[in-house]
Amino acid sequence: MIMDKRSFIKGLSLLGVGAFTPSFSLDKWLQRYDQVPAGVLAGDEDFWGGIRKGYRLKSEYINLENGYYCFLPEEILEKFIAHVREVNYQGSYYMRTVQSDNKKKAAARLAALTGCSEDELIITRNTTESLDMVIGGLDWKPGDEAVMAEQDYGSMLNMFKQVAQRHGVVNKLVNVPNHPANDEEIVRIYESAITDKTRLLMVCHIVNITGQILPVRKIADMAHRRGVLVMVDGAHAVGHFQFKIPDLNADFYGCSLHKWLSVPLGAGILYVRRDHIGKVWPLLSAGERKSDDISRLNQTGTHPVHTDLTVSDAIDYYFKIGPERKESRLRYLQQYWTSKVRQVPNIMVNTPADPARSCGIANVGLKNMNPGELADRLFKKYNIYTVAIDGAGVHGCRITPNIYTTPAELDQFVAALRELAAG
Ligand SMILES: Cc1ncc(COP(=O)(O)O)c(C=O)c1O
């Protein structure tokens, strides 16, 4: 389908229909669908059209880049603003009286959500802080080795480079294929990099540039058999698809809450298995603490406490929508568009087709155009916002819809891709 500017703009105005409606009651809307199974609701546009009404969306472009930040639906945003007002009203009194208890309550809710014990989880600013604290805080000896992947996130790779410079750690990088044959292939790749000197293995729960979900449990079991600690980068996992951290058998787990849980910017978690808490030097010292007291890793100084307060509201919202419904919808949307372009000449989907190996995120490239140009054309010609990825064996744009995204928007994206692929 060739779309001229006029028909595209007409399409956009139609897409605006169903966007933010202040009088809309989410609770009443959800009641109507109480009994409908998640799998059925995944493709029910009426239901998701209601969810979309709770988001204030820009009409200038279609946002297919929710991976950086899943901005808040109005319901969570209003609660956040109310917390900002209240903390501002109470001032130092708030900070000296209930600040710390409230943060503990928020952490307890996150622990319940992720299946952890409350004394193994802290709230941090983000995944970077969580994981870099572990990477930088272990007692490395010269010649110790660490295993990670080319496809891992830059901030963690940079921190590993720093410990290599500072402590003489040897970093071993593996390459995760975009289309693995099976779990065992991936486990073997990680295992092949382990030696007697390996102390830590980092693995993504979901690779951010492709959306591939990795067999973390199998990798962790293998690494533990070899005596290696396992740290999981779950930046995109919590609030996206369902799992419990202890089921992964990881020693450390970090996640950003401003991504799929829609907590305001600047919140993350760090899980540390109890017996490893004492092995990590804190980023900032909390003073004398018992070696198994996780609060020793949680010195923050004064920080935006209203973000911590909003954690609970974001979890409430997540449960209102329903974790299973959200996961099914995100997977449905990804499969909706990827299945339309996988077989098209010149189009390369860099995400496995197996639904168990991905959820909402996928990556697509064109043989006839580099990723930067593709992102640029999508934005300037078709008003579709994405992000270009060009490295680590991944050449394409990362596409991340969210629960407010409609198949009609994805149809526009697919039409644009087809047109660009045709040259
Ligand atoms: C896989 C992965 N790890 C870590 C991060 C860092 O997250 P943050 O900037 O919230 O610390 C990201 C951010 O996109 C990511 O995709």
# chains A, B, ... in the order shown; residues from 1 in each chain; ligands from 1
>>> residues_near_ligand(ligand="ligand 1", cutoff="7 Å", atoms="only C-alpha atoms and all ligand atoms", output="list in words")
Gly67, Tyr68, Asn126, Thr127, Thr128, Glu129, Asp152, Tyr153, Ser155, Cys204, Ile206, Val207, Asn208, Asp233, Gly234, Ala235, His236 and Ser256 of chain A
>>> select_by_dssp(residues="stretch 160-300 of chain A", states="strand (DSSP E)", output="number ranges by chain")
A: 170-174, 198-204, 229-233, 252-256, 268-272
>>> write_last_selection(atoms="N, CA and C atoms", output="PDB file, in the first residue's frame")
ATOM      1  N   VAL A 170      39.549  -9.869  33.507  1.00  0.00           N
ATOM      2  CA  VAL A 170      39.516 -10.187  32.072  1.00  0.00           C
ATOM      3  C   VAL A 170      38.065 -10.413  31.668  1.00  0.00           C
ATOM      4  N   ASN A 171      37.589  -9.626  30.716  1.00  0.00           N
ATOM      5  CA  ASN A 171      36.199  -9.745  30.271  1.00  0.00           C
ATOM      6  C   ASN A 171      36.093 -10.626  29.037  1.00  0.00           C
ATOM      7  N   LYS A 172      35.197 -11.583  29.088  1.00  0.00           N
ATOM      8  CA  LYS A 172      34.993 -12.493  27.948  1.00  0.00           C
ATOM      9  C   LYS A 172      33.608 -12.206  27.361  1.00  0.00           C
ATOM     10  N   LEU A 173      33.597 -11.756  26.115  1.00  0.00           N
ATOM     11  CA  LEU A 173      32.310 -11.411  25.495  1.00  0.00           C
ATOM     12  C   LEU A 173      31.824 -12.513  24.567  1.00  0.00           C
ATOM     13  N   VAL A 174      30.590 -12.934  24.758  1.00  0.00           N
ATOM     14  CA  VAL A 174      30.003 -13.921  23.858  1.00  0.00           C
ATOM     15  C   VAL A 174      29.032 -13.203  22.919  1.00  0.00           C
ATOM     16  N   THR A 198      36.606 -17.801  36.022  1.00  0.00           N
ATOM     17  CA  THR A 198      35.377 -16.985  35.896  1.00  0.00           C
ATOM     18  C   THR A 198      34.688 -16.839  37.248  1.00  0.00           C
ATOM     19  N   ARG A 199      34.348 -15.586  37.591  1.00  0.00           N
ATOM     20  CA  ARG A 199      33.664 -15.352  38.874  1.00  0.00           C
ATOM     21  C   ARG A 199      32.232 -14.868  38.692  1.00  0.00           C
ATOM     22  N   LEU A 200      32.001 -14.115  37.614  1.00  0.00           N
ATOM     23  CA  LEU A 200      30.662 -13.536  37.432  1.00  0.00           C
ATOM     24  C   LEU A 200      30.236 -13.658  35.978  1.00  0.00           C
ATOM     25  N   LEU A 201      28.965 -14.027  35.789  1.00  0.00           N
ATOM     26  CA  LEU A 201      28.390 -14.080  34.444  1.00  0.00           C
ATOM     27  C   LEU A 201      27.202 -13.135  34.435  1.00  0.00           C
ATOM     28  N   MET A 202      27.183 -12.223  33.480  1.00  0.00           N
ATOM     29  CA  MET A 202      26.013 -11.338  33.351  1.00  0.00           C
ATOM     30  C   MET A 202      25.207 -11.774  32.131  1.00  0.00           C
ATOM     31  N   VAL A 203      23.898 -11.815  32.303  1.00  0.00           N
ATOM     32  CA  VAL A 203      23.035 -12.188  31.171  1.00  0.00           C
ATOM     33  C   VAL A 203      21.769 -11.341  31.208  1.00  0.00           C
ATOM     34  N   CYS A 204      21.311 -10.944  30.024  1.00  0.00           N
ATOM     35  CA  CYS A 204      20.058 -10.186  29.943  1.00  0.00           C
ATOM     36  C   CYS A 204      18.872 -11.135  30.078  1.00  0.00           C
ATOM     37  N   LEU A 229      29.052 -16.916  39.805  1.00  0.00           N
ATOM     38  CA  LEU A 229      27.902 -16.107  40.218  1.00  0.00           C
ATOM     39  C   LEU A 229      27.172 -15.583  38.983  1.00  0.00           C
ATOM     40  N   VAL A 230      25.857 -15.412  39.111  1.00  0.00           N
ATOM     41  CA  VAL A 230      25.057 -14.985  37.957  1.00  0.00           C
ATOM     42  C   VAL A 230      24.321 -13.687  38.271  1.00  0.00           C
ATOM     43  N   MET A 231      24.498 -12.720  37.397  1.00  0.00           N
ATOM     44  CA  MET A 231      23.797 -11.441  37.547  1.00  0.00           C
ATOM     45  C   MET A 231      22.899 -11.242  36.323  1.00  0.00           C
ATOM     46  N   VAL A 232      21.629 -10.983  36.576  1.00  0.00           N
ATOM     47  CA  VAL A 232      20.687 -10.849  35.456  1.00  0.00           C
ATOM     48  C   VAL A 232      20.309  -9.384  35.260  1.00  0.00           C
ATOM     49  N   ASP A 233      20.421  -8.940  34.000  1.00  0.00           N
ATOM     50  CA  ASP A 233      19.969  -7.604  33.625  1.00  0.00           C
ATOM     51  C   ASP A 233      18.516  -7.732  33.180  1.00  0.00           C
ATOM     52  N   PHE A 252      22.089 -12.097  41.514  1.00  0.00           N
ATOM     53  CA  PHE A 252      21.800 -10.656  41.500  1.00  0.00           C
ATOM     54  C   PHE A 252      20.819 -10.390  40.354  1.00  0.00           C
ATOM     55  N   TYR A 253      19.891  -9.464  40.592  1.00  0.00           N
ATOM     56  CA  TYR A 253      18.923  -9.126  39.532  1.00  0.00           C
ATOM     57  C   TYR A 253      18.648  -7.622  39.605  1.00  0.00           C
ATOM     58  N   GLY A 254      18.754  -6.961  38.476  1.00  0.00           N
ATOM     59  CA  GLY A 254      18.470  -5.521  38.445  1.00  0.00           C
ATOM     60  C   GLY A 254      17.398  -5.213  37.422  1.00  0.00           C
ATOM     61  N   CYS A 255      16.588  -4.209  37.713  1.00  0.00           N
ATOM     62  CA  CYS A 255      15.521  -3.822  36.772  1.00  0.00           C
ATOM     63  C   CYS A 255      15.242  -2.330  36.908  1.00  0.00           C
ATOM     64  N   SER A 256      14.719  -1.743  35.857  1.00  0.00           N
ATOM     65  CA  SER A 256      14.278  -0.336  35.896  1.00  0.00           C
ATOM     66  C   SER A 256      12.756  -0.308  35.956  1.00  0.00           C
ATOM     67  N   GLY A 268      14.413   1.888  40.261  1.00  0.00           N
ATOM     68  CA  GLY A 268      14.791   0.534  39.850  1.00  0.00           C
ATOM     69  C   GLY A 268      14.850  -0.365  41.059  1.00  0.00           C
ATOM     70  N   ILE A 269      15.167  -1.630  40.826  1.00  0.00           N
ATOM     71  CA  ILE A 269      15.362  -2.536  41.960  1.00  0.00           C
ATOM     72  C   ILE A 269      16.684  -3.275  41.815  1.00  0.00           C
ATOM     73  N   LEU A 270      17.199  -3.667  42.960  1.00  0.00           N
ATOM     74  CA  LEU A 270      18.327  -4.597  42.995  1.00  0.00           C
ATOM     75  C   LEU A 270      17.953  -5.711  43.947  1.00  0.00           C
ATOM     76  N   TYR A 271      18.000  -6.940  43.423  1.00  0.00           N
ATOM     77  CA  TYR A 271      17.823  -8.128  44.255  1.00  0.00           C
ATOM     78  C   TYR A 271      19.201  -8.747  44.456  1.00  0.00           C
ATOM     79  N   VAL A 272      19.511  -9.082  45.699  1.00  0.00           N
ATOM     80  CA  VAL A 272      20.760  -9.782  45.995  1.00  0.00           C
ATOM     81  C   VAL A 272      20.431 -10.967  46.881  1.00  0.00           C
TER      82      VAL A 272
END
>>> residues_around(residues="A:Asp221", least_positions_apart="2", cutoff="12 Å", atoms="only C-alpha atoms", output="list in words")
Val187, Tyr190, Glu191, Leu201, Pro215, Val216, Arg217, Lys218, Ile219, Ala223, His224, Arg225, Arg226, Gly227, Val228, Leu229, Val230, Asp247, Leu248, Asn249, Ala250 and Asp251 of chain A
>>> write_last_selection(atoms="N, CA and C atoms", output="CSV table (one decimal), in the first residue's frame")
chain,number,residue,atom,x,y,z
A,187,VAL,N,22.9,-21.7,26.0
A,187,VAL,CA,23.6,-22.1,27.2
A,187,VAL,C,25.0,-22.5,26.8
A,190,TYR,N,27.3,-19.5,26.3
A,190,TYR,CA,27.8,-18.9,27.6
A,190,TYR,C,28.8,-19.8,28.3
A,191,GLU,N,28.5,-21.1,28.2
A,191,GLU,CA,29.4,-22.0,28.9
A,191,GLU,C,30.8,-22.0,28.3
A,201,LEU,N,29.0,-14.0,35.8
A,201,LEU,CA,28.4,-14.1,34.4
A,201,LEU,C,27.2,-13.1,34.4
A,215,PRO,N,17.1,-17.9,28.0
A,215,PRO,CA,16.8,-19.0,28.9
A,215,PRO,C,17.6,-18.8,30.2
A,216,VAL,N,17.3,-17.8,31.0
A,216,VAL,CA,18.1,-17.4,32.1
A,216,VAL,C,18.3,-18.5,33.1
A,217,ARG,N,17.2,-19.2,33.4
A,217,ARG,CA,17.3,-20.3,34.4
A,217,ARG,C,18.3,-21.3,34.0
A,218,LYS,N,18.3,-21.7,32.8
A,218,LYS,CA,19.2,-22.8,32.3
A,218,LYS,C,20.6,-22.3,32.3
A,219,ILE,N,20.8,-21.0,32.0
A,219,ILE,CA,22.2,-20.4,32.0
A,219,ILE,C,22.7,-20.3,33.4
A,223,ALA,N,25.9,-22.1,35.0
A,223,ALA,CA,27.0,-21.3,35.6
A,223,ALA,C,27.2,-21.7,37.1
A,224,HIS,N,26.2,-22.0,37.8
A,224,HIS,CA,26.3,-22.4,39.2
A,224,HIS,C,27.1,-23.7,39.3
A,225,ARG,N,26.8,-24.6,38.4
A,225,ARG,CA,27.5,-25.9,38.4
A,225,ARG,C,29.0,-25.7,38.2
A,226,ARG,N,29.3,-24.6,37.5
A,226,ARG,CA,30.7,-24.2,37.3
A,226,ARG,C,31.3,-23.3,38.4
A,227,GLY,N,30.5,-23.0,39.4
A,227,GLY,CA,30.9,-22.2,40.5
A,227,GLY,C,31.0,-20.7,40.2
A,228,VAL,N,30.1,-20.3,39.2
A,228,VAL,CA,30.1,-18.9,38.8
A,228,VAL,C,28.9,-18.1,39.3
A,229,LEU,N,29.1,-16.9,39.8
A,229,LEU,CA,27.9,-16.1,40.2
A,229,LEU,C,27.2,-15.6,39.0
A,230,VAL,N,25.9,-15.4,39.1
A,230,VAL,CA,25.1,-15.0,38.0
A,230,VAL,C,24.3,-13.7,38.3
A,247,ASP,N,12.7,-17.9,40.9
A,247,ASP,CA,12.7,-19.0,39.9
A,247,ASP,C,13.8,-19.0,38.9
A,248,LEU,N,14.5,-17.9,38.8
A,248,LEU,CA,15.6,-17.8,37.8
A,248,LEU,C,16.9,-18.3,38.3
A,249,ASN,N,16.9,-18.5,39.7
A,249,ASN,CA,18.1,-19.0,40.3
A,249,ASN,C,19.3,-18.0,40.1
A,250,ALA,N,19.1,-16.7,40.0
A,250,ALA,CA,20.1,-15.8,39.9
A,250,ALA,C,20.7,-15.3,41.2
A,251,ASP,N,21.9,-14.8,41.3
A,251,ASP,CA,22.4,-14.3,42.5
A,251,ASP,C,22.1,-12.8,42.6
>>> closest_residue(among="A:Leu64, A:Gln212, A:Pro246, A:Met222", to="A:Ala375", atoms="only C-alpha atoms")
A:Leu64
>>> select_by_dssp(residues="stretch 187-312 of chain A", states="helix (DSSP H, G or I)", output="ChimeraX atom specification")
/A:187-192,216-225,245-248,274-279,294-297,305-312
>>> closest_atom_pairs(of="stretch 41-65 of chain A", to="stretch 395-406 of chain A", cutoff="7 Å", atoms="only C-alpha atoms", output="JSON lines")
{"residue": "A:Trp48", "atom": "CA", "partner": "A:Tyr404", "partner_atom": "CA", "distance": 6.7}
{"residue": "A:Ile51", "atom": "CA", "partner": "A:Tyr404", "partner_atom": "CA", "distance": 6.3}
{"residue": "A:Arg52", "atom": "CA", "partner": "A:Tyr404", "partner_atom": "CA", "distance": 4.4}
{"residue": "A:Leu64", "atom": "CA", "partner": "A:Pro401", "partner_atom": "CA", "distance": 4.9}
{"residue": "A:Glu65", "atom": "CA", "partner": "A:Thr400", "partner_atom": "CA", "distance": 5.0}
>>> closest_residue(among="A:Asn350, A:Ser192, A:Thr210, A:Thr21", to="A:Pro73", atoms="only C-alpha atoms")
A:Thr21
>>> residues_around(residues="stretch 105-108 of chain A", least_positions_apart="6", cutoff="10 Å", atoms="only C-alpha atoms", output="PyMOL selection string")
chain A and resi 114+116-124+269+308-313+315
>>> write_last_selection(atoms="N, CA and C atoms", output="PDB file, in the first residue's frame")
ATOM      1  N   THR A 114       7.725  -9.455  42.758  1.00  0.00           N
ATOM      2  CA  THR A 114       8.775 -10.230  42.076  1.00  0.00           C
ATOM      3  C   THR A 114       9.079 -11.542  42.811  1.00  0.00           C
ATOM      4  N   CYS A 116      10.285 -12.017  45.804  1.00  0.00           N
ATOM      5  CA  CYS A 116      11.508 -12.035  46.630  1.00  0.00           C
ATOM      6  C   CYS A 116      11.160 -11.840  48.094  1.00  0.00           C
ATOM      7  N   SER A 117      12.129 -12.157  48.918  1.00  0.00           N
ATOM      8  CA  SER A 117      11.985 -11.843  50.324  1.00  0.00           C
ATOM      9  C   SER A 117      12.309 -10.341  50.493  1.00  0.00           C
ATOM     10  N   GLU A 118      11.610  -9.693  51.443  1.00  0.00           N
ATOM     11  CA  GLU A 118      11.800  -8.238  51.612  1.00  0.00           C
ATOM     12  C   GLU A 118      13.233  -7.872  51.975  1.00  0.00           C
ATOM     13  N   ASP A 119      13.950  -8.809  52.579  1.00  0.00           N
ATOM     14  CA  ASP A 119      15.316  -8.439  52.976  1.00  0.00           C
ATOM     15  C   ASP A 119      16.361  -8.804  51.920  1.00  0.00           C
ATOM     16  N   GLU A 120      15.870  -9.028  50.687  1.00  0.00           N
ATOM     17  CA  GLU A 120      16.814  -9.275  49.586  1.00  0.00           C
ATOM     18  C   GLU A 120      16.622  -8.285  48.436  1.00  0.00           C
ATOM     19  N   LEU A 121      15.824  -7.243  48.661  1.00  0.00           N
ATOM     20  CA  LEU A 121      15.522  -6.324  47.554  1.00  0.00           C
ATOM     21  C   LEU A 121      15.562  -4.870  48.016  1.00  0.00           C
ATOM     22  N   ILE A 122      16.175  -4.015  47.225  1.00  0.00           N
ATOM     23  CA  ILE A 122      16.166  -2.579  47.527  1.00  0.00           C
ATOM     24  C   ILE A 122      15.692  -1.792  46.311  1.00  0.00           C
ATOM     25  N   ILE A 123      15.235  -0.570  46.588  1.00  0.00           N
ATOM     26  CA  ILE A 123      14.876   0.337  45.492  1.00  0.00           C
ATOM     27  C   ILE A 123      16.105   1.189  45.180  1.00  0.00           C
ATOM     28  N   THR A 124      16.465   1.198  43.906  1.00  0.00           N
ATOM     29  CA  THR A 124      17.600   2.013  43.463  1.00  0.00           C
ATOM     30  C   THR A 124      17.066   3.067  42.497  1.00  0.00           C
ATOM     31  N   ILE A 269      15.167  -1.630  40.826  1.00  0.00           N
ATOM     32  CA  ILE A 269      15.362  -2.536  41.960  1.00  0.00           C
ATOM     33  C   ILE A 269      16.684  -3.275  41.815  1.00  0.00           C
ATOM     34  N   ASP A 308       9.401   7.097  44.911  1.00  0.00           N
ATOM     35  CA  ASP A 308       9.202   5.865  45.699  1.00  0.00           C
ATOM     36  C   ASP A 308       7.723   5.682  46.047  1.00  0.00           C
ATOM     37  N   LEU A 309       7.067   6.804  46.417  1.00  0.00           N
ATOM     38  CA  LEU A 309       5.660   6.708  46.812  1.00  0.00           C
ATOM     39  C   LEU A 309       4.780   6.238  45.662  1.00  0.00           C
ATOM     40  N   THR A 310       5.183   6.551  44.449  1.00  0.00           N
ATOM     41  CA  THR A 310       4.342   6.209  43.293  1.00  0.00           C
ATOM     42  C   THR A 310       4.489   4.746  42.888  1.00  0.00           C
ATOM     43  N   VAL A 311       5.514   4.076  43.416  1.00  0.00           N
ATOM     44  CA  VAL A 311       5.706   2.651  43.101  1.00  0.00           C
ATOM     45  C   VAL A 311       4.426   1.872  43.379  1.00  0.00           C
ATOM     46  N   SER A 312       3.837   2.137  44.541  1.00  0.00           N
ATOM     47  CA  SER A 312       2.641   1.413  44.946  1.00  0.00           C
ATOM     48  C   SER A 312       1.475   1.674  43.982  1.00  0.00           C
ATOM     49  N   ASP A 313       1.346   2.923  43.537  1.00  0.00           N
ATOM     50  CA  ASP A 313       0.271   3.266  42.590  1.00  0.00           C
ATOM     51  C   ASP A 313       0.475   2.548  41.257  1.00  0.00           C
ATOM     52  N   ILE A 315       2.029  -0.268  40.824  1.00  0.00           N
ATOM     53  CA  ILE A 315       1.730  -1.700  41.004  1.00  0.00           C
ATOM     54  C   ILE A 315       0.215  -1.910  41.010  1.00  0.00           C
TER      55      ILE A 315
END
>>> closest_residue(among="A:Val238, A:Val341, A:Val394, A:Ala314", to="A:His179", atoms="only C-alpha atoms")
A:Val394
>>> residues_around(residues="A:Gly278", least_positions_apart="6", cutoff="12 Å", atoms="only C-alpha atoms", output="list in words")
Glu120, Val134, Gly137, Leu138, Asp139, Val272, Glu288, Arg289, Lys290, Ser291, Asp292, Asp293, Ile294, Ser295, Arg296 and Leu297 of chain A
